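S.K.: File run.cif follows (mmCIF, C-alpha atoms):
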```
data_data
loop_
_atom_site.label_atom_id
_atom_site.label_comp_id
_atom_site.auth_asym_id
_atom_site.auth_seq_id
_atom_site.Cartn_x
_atom_site.Cartn_y
_atom_site.Cartn_z
CA MET A 1 -40.43 -4.65 7.83
CA ASP A 2 -42.93 -2.83 10.02
CA ALA A 3 -41.47 -4.52 13.12
CA ARG A 4 -38.00 -3.27 12.21
CA ILE A 5 -39.33 0.24 11.68
CA ASP A 6 -41.12 0.12 15.03
CA LYS A 7 -37.95 -1.08 16.76
CA THR A 8 -35.86 1.69 15.19
CA SER A 9 -38.44 4.27 16.16
CA GLU A 10 -38.51 2.99 19.74
CA VAL A 11 -34.72 3.21 20.07
CA GLU A 12 -34.57 6.69 18.54
CA SER A 13 -37.19 7.90 21.02
CA ARG A 14 -34.78 7.22 23.90
CA PRO A 15 -32.30 9.84 25.18
CA ALA A 16 -29.41 10.35 22.72
CA ASN A 17 -26.99 8.19 24.68
CA ASN A 18 -25.51 5.18 22.87
CA LEU A 19 -25.30 3.04 25.99
CA LEU A 20 -29.02 3.46 26.68
CA ARG A 21 -29.80 2.89 23.00
CA ARG A 22 -27.74 -0.31 23.05
CA LEU A 23 -30.17 -1.91 25.54
CA SER A 24 -32.86 -4.28 24.36
CA GLN A 25 -36.41 -2.97 24.40
CA ALA A 26 -37.23 -5.16 27.42
CA ASP A 27 -34.17 -4.00 29.37
CA TYR A 28 -34.75 -0.34 28.63
CA ALA A 29 -38.38 -0.74 29.73
CA LEU A 30 -37.07 -1.63 33.20
CA LEU A 31 -35.30 1.74 33.38
CA ALA A 32 -37.57 4.04 31.39
CA PRO A 33 -40.04 4.96 34.19
CA TYR A 34 -37.15 6.28 36.31
CA VAL A 35 -35.05 8.07 33.67
CA THR A 36 -35.17 11.85 33.60
CA VAL A 37 -33.42 14.20 31.17
CA GLU A 38 -32.17 17.64 32.14
CA ASP A 39 -29.75 20.12 30.62
CA SER A 40 -26.53 20.80 32.49
CA ALA A 41 -24.18 23.71 31.91
CA ALA A 42 -20.44 23.44 31.37
CA GLY A 43 -18.62 23.45 34.72
CA GLU A 44 -21.55 22.02 36.67
CA LEU A 45 -20.34 19.76 39.46
CA LEU A 46 -21.75 16.23 39.49
CA TYR A 47 -19.64 14.74 42.30
CA ASN A 48 -16.92 15.82 44.68
CA PRO A 49 -14.46 13.32 46.21
CA GLY A 50 -16.20 11.68 49.17
CA ASP A 51 -19.75 12.35 47.97
CA ASP A 52 -22.17 9.42 48.12
CA VAL A 53 -22.82 8.21 44.58
CA GLN A 54 -26.60 8.17 44.26
CA VAL A 55 -27.29 9.09 40.64
CA VAL A 56 -25.94 7.73 37.35
CA HIS A 57 -25.49 10.42 34.70
CA PHE A 58 -25.64 9.59 30.96
CA PRO A 59 -24.30 12.38 28.71
CA CYS A 60 -26.51 12.81 25.65
CA GLY A 61 -25.76 14.29 22.24
CA PRO A 62 -22.84 16.73 22.44
CA ALA A 63 -22.64 16.73 26.26
CA LEU A 64 -19.38 15.61 27.88
CA ALA A 65 -18.43 14.81 31.47
CA THR A 66 -14.90 14.70 32.82
CA PHE A 67 -13.10 13.05 35.73
CA LEU A 68 -10.70 15.33 37.61
CA VAL A 69 -8.19 14.09 40.18
CA PRO A 70 -7.24 16.75 42.76
CA ASN A 71 -3.56 17.00 43.67
CA GLU A 72 -1.70 18.32 46.69
CA ASP A 73 -0.51 21.42 44.81
CA GLY A 74 -4.12 22.48 44.30
CA ARG A 75 -4.36 21.55 40.63
CA ASP A 76 -6.96 19.24 39.16
CA VAL A 77 -5.78 16.87 36.43
CA GLU A 78 -8.33 15.45 34.02
CA THR A 79 -8.12 11.73 33.37
CA ILE A 80 -10.87 10.73 30.93
CA LEU A 81 -13.76 12.23 29.00
CA VAL A 82 -17.14 10.51 28.87
CA GLY A 83 -19.69 11.38 26.24
CA ARG A 84 -22.72 9.73 24.71
CA GLU A 85 -20.89 6.39 24.65
CA GLY A 86 -21.19 5.97 28.40
CA ALA A 87 -22.15 7.15 31.86
CA VAL A 88 -20.59 8.42 35.08
CA GLY A 89 -21.38 7.66 38.69
CA GLY A 90 -22.07 4.20 40.08
CA ILE A 91 -20.81 2.26 37.07
CA VAL A 92 -17.69 0.53 38.33
CA SER A 93 -18.58 0.60 42.04
CA GLU A 94 -22.31 -0.01 41.50
CA GLY A 95 -23.00 3.08 43.55
CA PHE A 96 -23.62 3.87 47.22
CA LEU A 97 -19.88 4.33 47.74
CA PRO A 98 -17.99 7.62 48.06
CA ALA A 99 -16.79 9.18 44.83
CA TYR A 100 -13.01 9.13 44.43
CA THR A 101 -12.63 11.94 41.89
CA ARG A 102 -14.36 15.16 41.06
CA ILE A 103 -16.76 14.70 38.14
CA CYS A 104 -17.88 17.79 36.23
CA VAL A 105 -19.74 18.68 33.08
CA LYS A 106 -17.13 19.51 30.44
CA PHE A 107 -19.39 20.49 27.56
CA GLY A 108 -22.94 21.44 28.42
CA GLY A 109 -26.00 19.66 27.08
CA PRO A 110 -28.66 17.12 28.05
CA PHE A 111 -27.96 14.40 30.62
CA ALA A 112 -30.21 11.42 31.26
CA ARG A 113 -30.24 10.46 34.93
CA ILE A 114 -31.40 7.53 37.02
CA HIS A 115 -31.06 6.80 40.72
CA VAL A 116 -28.46 4.11 41.46
CA GLY A 117 -31.01 2.09 43.45
CA LYS A 118 -33.40 1.90 40.49
CA LEU A 119 -30.58 0.82 38.17
CA GLU A 120 -29.39 -1.84 40.60
CA ALA A 121 -32.93 -3.18 41.05
CA ALA A 122 -33.28 -3.47 37.27
CA LYS A 123 -29.93 -5.29 37.03
CA LEU A 124 -31.18 -7.88 39.52
CA ARG A 125 -34.13 -8.56 37.25
CA SER A 126 -32.14 -8.88 34.01
CA ALA A 127 -28.88 -10.72 33.38
CA SER A 128 -28.54 -9.08 29.96
CA LEU A 129 -28.85 -5.61 31.50
CA ARG A 130 -26.16 -6.49 34.06
CA ASN A 131 -23.96 -7.75 31.24
CA ILE A 132 -24.16 -4.47 29.31
CA PHE A 133 -23.10 -2.42 32.32
CA VAL A 134 -20.33 -4.85 33.29
CA ARG A 135 -19.01 -4.59 29.74
CA TYR A 136 -19.17 -0.80 29.87
CA ALA A 137 -17.30 -0.81 33.20
CA ASP A 138 -14.59 -2.86 31.49
CA CYS A 139 -14.39 -0.31 28.66
CA MET A 140 -14.16 2.55 31.14
CA LEU A 141 -11.30 0.84 32.97
CA ALA A 142 -9.53 0.27 29.65
CA GLN A 143 -9.88 3.99 28.94
CA ILE A 144 -8.36 4.84 32.33
CA PHE A 145 -5.48 2.38 31.81
CA GLN A 146 -4.78 3.82 28.35
CA SER A 147 -4.86 7.37 29.70
CA THR A 148 -2.32 6.45 32.38
CA ALA A 149 0.03 4.97 29.78
CA CYS A 150 -0.50 7.93 27.44
CA ASN A 151 0.42 10.46 30.13
CA ALA A 152 3.61 8.53 30.86
CA ILE A 153 5.02 8.05 27.36
CA HIS A 154 3.52 10.50 24.86
CA SER A 155 4.44 14.10 24.21
CA ILE A 156 2.27 17.07 25.05
CA GLU A 157 1.75 17.64 21.31
CA GLN A 158 0.54 14.08 20.75
CA ARG A 159 -1.78 14.25 23.73
CA THR A 160 -3.16 17.62 22.63
CA ALA A 161 -4.10 16.25 19.22
CA LYS A 162 -5.59 13.14 20.85
CA TRP A 163 -7.78 15.11 23.27
CA ILE A 164 -9.12 17.38 20.52
CA LEU A 165 -9.98 14.43 18.28
CA ALA A 166 -11.56 12.53 21.16
CA ALA A 167 -13.74 15.52 22.04
CA MET A 168 -14.81 15.98 18.41
CA GLU A 169 -15.80 12.32 18.09
CA ARG A 170 -17.90 12.42 21.21
CA THR A 171 -19.65 15.70 20.43
CA GLY A 172 -20.19 14.89 16.75
CA ASP A 173 -18.78 18.26 15.63
CA GLU A 174 -16.56 17.85 12.57
CA SER A 175 -14.74 21.16 12.79
CA SER A 176 -14.55 22.56 16.31
CA VAL A 177 -14.69 21.94 20.04
CA PRO A 178 -15.70 24.48 22.72
CA LEU A 179 -12.36 24.20 24.50
CA THR A 180 -10.41 27.09 26.04
CA HIS A 181 -6.63 27.25 26.57
CA GLU A 182 -7.23 26.89 30.29
CA GLN A 183 -9.40 23.80 29.86
CA LEU A 184 -6.88 22.21 27.51
CA ALA A 185 -4.10 22.87 30.02
CA THR A 186 -6.13 21.07 32.70
CA LEU A 187 -6.69 18.13 30.36
CA LEU A 188 -2.96 17.89 29.77
CA GLY A 189 -1.87 18.59 33.34
CA VAL A 190 0.36 21.48 32.25
CA GLY A 191 0.41 25.24 32.68
CA ARG A 192 -1.76 27.45 30.49
CA SER A 193 1.26 29.05 28.81
CA TYR A 194 2.56 25.63 27.75
CA ALA A 195 -0.81 24.64 26.28
CA SER A 196 -0.96 27.97 24.44
CA ARG A 197 2.48 27.38 22.89
CA VAL A 198 1.38 23.97 21.62
CA LEU A 199 -1.74 25.47 20.07
CA GLN A 200 0.35 28.22 18.49
CA SER A 201 2.63 25.63 16.85
CA PHE A 202 -0.40 23.76 15.49
CA ARG A 203 -1.85 27.03 14.24
CA ALA A 204 1.41 27.91 12.47
CA GLU A 205 1.27 24.54 10.68
CA GLY A 206 -2.29 25.22 9.50
CA VAL A 207 -3.73 22.32 11.52
CA LEU A 208 -6.09 24.37 13.65
CA ASP A 209 -7.11 27.85 14.63
CA THR A 210 -8.44 29.30 17.86
CA ARG A 211 -11.39 31.51 18.61
CA ARG A 212 -12.55 32.83 21.94
CA GLY A 213 -13.70 29.76 23.86
CA SER A 214 -13.17 27.24 21.07
CA ILE A 215 -10.66 25.42 18.88
CA LEU A 216 -11.34 25.21 15.13
CA VAL A 217 -9.82 22.27 13.27
CA ARG A 218 -8.59 23.21 9.77
CA ASN A 219 -6.82 19.96 8.86
CA ARG A 220 -8.26 16.91 10.58
CA ASP A 221 -5.93 14.49 8.80
CA GLY A 222 -2.96 16.60 9.88
CA LEU A 223 -4.24 16.51 13.44
CA ARG A 224 -4.53 12.72 13.29
CA LEU A 225 -0.92 12.46 12.12
CA ARG A 226 0.18 14.39 15.19
CA ALA A 227 -1.94 12.39 17.64
CA CYS A 228 -0.89 9.28 19.50
CA ARG A 229 -2.93 6.12 18.87
CA CYS A 230 -4.35 5.86 22.39
CA ASN A 231 -7.85 6.89 21.39
CA ASP A 232 -7.81 4.34 18.56
CA ALA A 233 -6.90 1.63 21.07
CA VAL A 234 -9.84 2.61 23.27
CA LYS A 235 -12.22 2.58 20.29
CA MET A 236 -10.99 -0.85 19.26
CA HIS A 237 -11.64 -2.21 22.75
CA PHE A 238 -15.14 -0.71 22.75
CA GLU A 239 -15.85 -2.42 19.43
CA GLU A 240 -14.65 -5.77 20.74
CA VAL A 241 -16.49 -5.58 24.07
CA LEU A 242 -19.52 -3.38 23.40
CA ARG A 243 -19.95 -3.02 19.66
CA GLY A 244 -21.88 -0.06 18.35
CA VAL A 245 -21.57 2.14 21.44
CA TYR A 246 -18.47 4.26 20.81
CA PRO A 247 -19.26 7.01 18.28
CA THR A 248 -17.31 6.80 15.00
CA GLU A 249 -17.46 8.91 11.86
CA GLU A 250 -18.65 5.92 9.81
CA ARG A 251 -21.47 5.14 12.22
CA GLU A 252 -22.58 8.75 12.51
CA ALA A 253 -22.62 9.06 8.72
CA GLY A 254 -24.73 5.90 8.46
#
```
Written as structure tokens, how would this file's structure read?
M.R.:
Amino acid sequence: MDARIDKTSEVESRPANNLLRRLSQADYALLAPYVTVEDSAAGELLYNPGDDVQVVHFPCGPALATFLVPNEDGRDVETILVGREGAVGGIVSEGFLPAYTRICVKFGGPFARIHVGKLEAAKLRSASLRNIFVRYADCMLAQIFQSTACNAIHSIEQRTAKWILAAMERTGDESSVPLTHEQLATLLGVGRSYASRVLQSFRAEGVLDTRRGSILVRNRDGLRLRACRCNDAVKMHFEEVLRGVYPTEEREAG
């Protein structure tokens, strides 16, 4: 019993990132001396396209990072959100390669960070550590694939509901997300006026309300009914490949 308590205490002392907390005590010990935690503000740039990837960033708690793909018309389109279930920078490529997209802080909060070289050195010493990050890379690719399919076949209304629910799950807030009309429009790849019309229709149905700089959810079940099932598919894949990492209401309640 005491050993279990000690193990739980050790895990809870780590940064509030589920991927880091998923590691065994021995594997995390390989990283711990090199992990730093710093707060980052919303909008902070982590990588520009072409930048050398030298640091892996792990969002903690309510913090969120986002991948933005620049287009020839000057607009950035957001592809996926990454919260405390994962990390950005040097995951798929194993670092030391130029970044393809712009990566920014979406919702501010603490980020745990480690230099790519230190992470790679630890992976060489532990097959189980390598396995965790390979599995997470697979989950991230699944998320990107699902996002591509979602953008092609689902309506703006379905995608709006999906994004709001996905953000709430990752931040752990049961009633609101700090999302502006402009930010939502970027997530959806549409103009601000279009995003505002969608929000107005949801507000008229009593599903949500808006405040300056945030969206308040009034009827979460109603929002789920309007959302596509893409986020559910991603969660299911996480559970099959890397159980216990993706945040769910049941797990947070437990």
S.K.: Tell me which protein, DNA and RNA residues are within 8 Å of Thr160 of chain A, counting only C-alpha atoms, leaving out same-chain ones fewer than 4 positions away, and put them as a PyMOL selection string.
M.R.: chain A and resi 156+164+184+188+198+227
S.K.: Box time for segment 64-76 of chain A: axis-aligned, enclosing all its listed atoms, 3 Å extra on each side; report centre and edge lengths in Å to one decimal, as lines of an AutoDock Vina configuration file.
M.R.:
```
center_x = -9.9
center_y = 17.8
center_z = 37.3
size_x = 24.9
size_y = 15.4
size_z = 24.8
```
S.K.: Any chance you could tabulate, as a Markdown table, the residues of segment 221-246 of chain A at most 8 Å from segment 4-27 of chain A with each one's nearest atom pair and distance in Å to one decimal, using all atoms listed in the file, in chain and rising number order?
M.R.:
```
| residue | atom | partner | partner_atom | distance |
| --- | --- | --- | --- | --- |
| A:Gly244 | CA | A:Arg22 | CA | 7.5 |
| A:Val245 | CA | A:Asn18 | CA | 5.2 |
| A:Tyr246 | CA | A:Asn18 | CA | 7.4 |
```
S.K.: A:Leu225, A:Ala149, A:Leu179, A:Leu68: which is nearest Arg211 of chain A, counting all atoms listed in the file?
M.R.: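 So, comparing all the options, the nearest one is A:Leu179.
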S.K.: Let me make sure I understand: among A:Val69, A:Cys228, A:Val37, A:Ile91, which one has the smallest atom-to-atom distance to Val134 of chain A if we use all atoms listed in the file?
M.R.: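 Closest to Val134 of chain A of all the choices is A:Ile91.
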S.K.: Nearest to Glu120 of chain A among A:Asp73, A:Arg203, A:Glu240, A:Gly90, with distances taken over all atoms listed in the file: which residue is it?
M.R.: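 Under the stated criterion, the closest residue is A:Gly90.
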